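Asker: If you scroll down you'll find the structure; I have some questions about it.
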Amino acid sequence: MDKKELEKAFANNNGVLKTSQLAALKIDSRGIKRLLEDGTIAKIKTGYYRFLSDDDTGEAAIVARLFPDGVLWLNTALFYYGYSDRTPMQWDIIISKNASPSRFKIDYPHVNPFFVPPERLSYGVTNIEIEGCTMKIFDRDRLICECLKYEANMDKETFNKAIQAYLADPKKNIKNLLAYAKRRKAIKRVHDVIGVWL
């Protein structure tokens, strides 16, 4: 298989192929080793590879492919909504506690998982397009509810900027925020922090 065909196969799979998919393309373990050595592909984690090129596979494509059940939250989500101007150093992903922690042992990109009961992922989730990949993310109101709930885990400046940006956002929905706060037992926190600005 020539390099262009291999690149196309990777492109058709969000830039990531598993060992079994490479085997289906008639590339055995020795072929994979050769591709790794000559810099054609790079290992993401055991059994997962990405194609190296001038227009390298973005981190979003890798995260979307490896963690389709994860939801972007906290710093990562704040950045993509424009509530934070700090580029996240890692991908903050909230995921079911039933997911295997070993899935997150990857070399690239750096992912920070947060495990929760599956029912916490059943509401307030929407999709966002990042670098051409569709990813799950909490909607604005649920995100701010989570920020209020996990304020202690956040940088104070980032938290304050996020609250101010949310309050200035014409797409905010206070009714949804209150509904999420009720489910997350954060009503008092919403009234204490958001209520003073309304």
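As shown in the structure tokens, the chain order sets the letters A, B, ...; within each chain, residues go from 1, and ligands are also counted from 1 in the order they appear.
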Might you pull out every residue within 10 Å of Ile94 of chain A, with only C-alpha atoms counted and same-chain residues fewer than 6 positions away left off, and present them as a list in words?

Answerer: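 Near Ile94 of chain A, the qualifying residues are Asp69, Gly70, Val71, Leu72, Trp73, Leu74, Asn112, Pro113, Phe114, Phe115, Val116, Arg120, Leu121, Ile137 and Phe138 of chain A.
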
Asker: List every residue of segment 19-191 of chain A that DSSP, applied to the backbone of this structure, assigns to helix (DSSP H, G or I), and report them as number ranges by chain.

Answerer: A: 19-24, 29-37, 59-66, 74-81, 101-104, 118-121, 140-149, 151-153, 156-168, 174-183, 187-191

Asker: Find the residues around segment 144-159 of chain A up to 7 Å (only C-alpha atoms counted), leave out those fewer than 4 positions away in its own chain, and share them as a list in words.

Answerer: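 Near neighbours after the sequence-gap exclusion: Leu74, Ser84, Arg140, Ile163, Leu177, Tyr180, Ala181, Ala186 and Arg189 of chain A.
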
Asker: If you count only C-alpha atoms, which residues fall within 12 Å of Lys33 of chain A, apart from same-chain ones fewer than 4 positions away, as a ChimeraX atom specification?

Answerer: /A:19,22,27-29,37-43,49

Asker: Using the selection just defined, write its residues with N, CA and C atoms as an mmCIF file, in the first residue's frame.

Answerer:
```
data_model
loop_
_atom_site.group_PDB
_atom_site.id
_atom_site.type_symbol
_atom_site.label_atom_id
_atom_site.label_comp_id
_atom_site.auth_asym_id
_atom_site.auth_seq_id
_atom_site.Cartn_x
_atom_site.Cartn_y
_atom_site.Cartn_z
ATOM 1 N N THR A 19 -5.014 -1.289 15.283
ATOM 2 C CA THR A 19 -4.163 -2.346 14.740
ATOM 3 C C THR A 19 -4.973 -3.258 13.828
ATOM 4 N N LEU A 22 -5.477 -1.665 10.479
ATOM 5 C CA LEU A 22 -4.243 -1.725 9.689
ATOM 6 C C LEU A 22 -4.039 -3.135 9.146
ATOM 7 N N ILE A 27 -1.386 -4.664 6.540
ATOM 8 C CA ILE A 27 -0.189 -4.152 7.210
ATOM 9 C C ILE A 27 -0.057 -4.917 8.524
ATOM 10 N N ASP A 28 0.935 -5.799 8.580
ATOM 11 C CA ASP A 28 1.136 -6.615 9.777
ATOM 12 C C ASP A 28 1.978 -5.867 10.808
ATOM 13 N N SER A 29 2.328 -6.546 11.900
ATOM 14 C CA SER A 29 3.071 -5.893 12.983
ATOM 15 C C SER A 29 4.440 -5.396 12.521
ATOM 16 N N GLU A 37 8.961 3.574 12.523
ATOM 17 C CA GLU A 37 10.381 3.937 12.441
ATOM 18 C C GLU A 37 10.655 5.007 11.392
ATOM 19 N N ASP A 38 9.943 4.933 10.259
ATOM 20 C CA ASP A 38 10.213 5.935 9.208
ATOM 21 C C ASP A 38 9.383 7.211 9.365
ATOM 22 N N GLY A 39 8.601 7.294 10.458
ATOM 23 C CA GLY A 39 7.877 8.530 10.753
ATOM 24 C C GLY A 39 6.606 8.738 9.948
ATOM 25 N N THR A 40 6.062 7.658 9.393
ATOM 26 C CA THR A 40 4.812 7.773 8.636
ATOM 27 C C THR A 40 3.614 7.825 9.576
ATOM 28 N N ILE A 41 3.678 7.009 10.641
ATOM 29 C CA ILE A 41 2.607 6.996 11.636
ATOM 30 C C ILE A 41 3.210 7.179 13.028
ATOM 31 N N ALA A 42 2.354 7.493 13.996
ATOM 32 C CA ALA A 42 2.781 7.611 15.396
ATOM 33 C C ALA A 42 1.793 6.845 16.263
ATOM 34 N N LYS A 43 2.298 6.258 17.314
ATOM 35 C CA LYS A 43 1.465 5.502 18.249
ATOM 36 C C LYS A 43 0.803 6.473 19.219
ATOM 37 N N TYR A 49 -3.154 4.259 16.256
ATOM 38 C CA TYR A 49 -2.113 4.999 15.545
ATOM 39 C C TYR A 49 -2.711 6.178 14.799
#
```

Asker: For the atom pair atom CA of Pro170 of chain A and atom CA of Val193 of chain A, what is the interatomic distance in Å to one decimal place?

Answerer: 18.5 Å

Asker: Counting only C-alpha atoms, which residue out of A:Ile93, A:Ile106, A:Leu78, A:Ala60 sits closest to Tyr166 of chain A?

Answerer: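 Among A:Ile93, A:Ile106, A:Leu78, A:Ala60, it is A:Leu78 that comes nearest to Tyr166 of chain A.
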
Asker: In Å to one decimal, how far is atom CA of Ile95 of chain A from atom CA of Leu178 of chain A?

Answerer: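 If I compute the distance from atom CA of Leu178 of chain A to atom CA of Ile95 of chain A, I get 22.9 Å.
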
Asker: Tell me, in Å to one decimal, how far atom CA of Ala162 of chain A is from atom CA of Tyr83 of chain A.

Answerer: 4.8 Å

Asker: My list of candidates is A:Lys3, A:Arg103, A:Lys136, A:Arg30. Which is closest to Tyr80 of chain A when distances are computed with only C-alpha atoms?

Answerer: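 The answer is A:Lys136, which sits nearest to Tyr80 of chain A.
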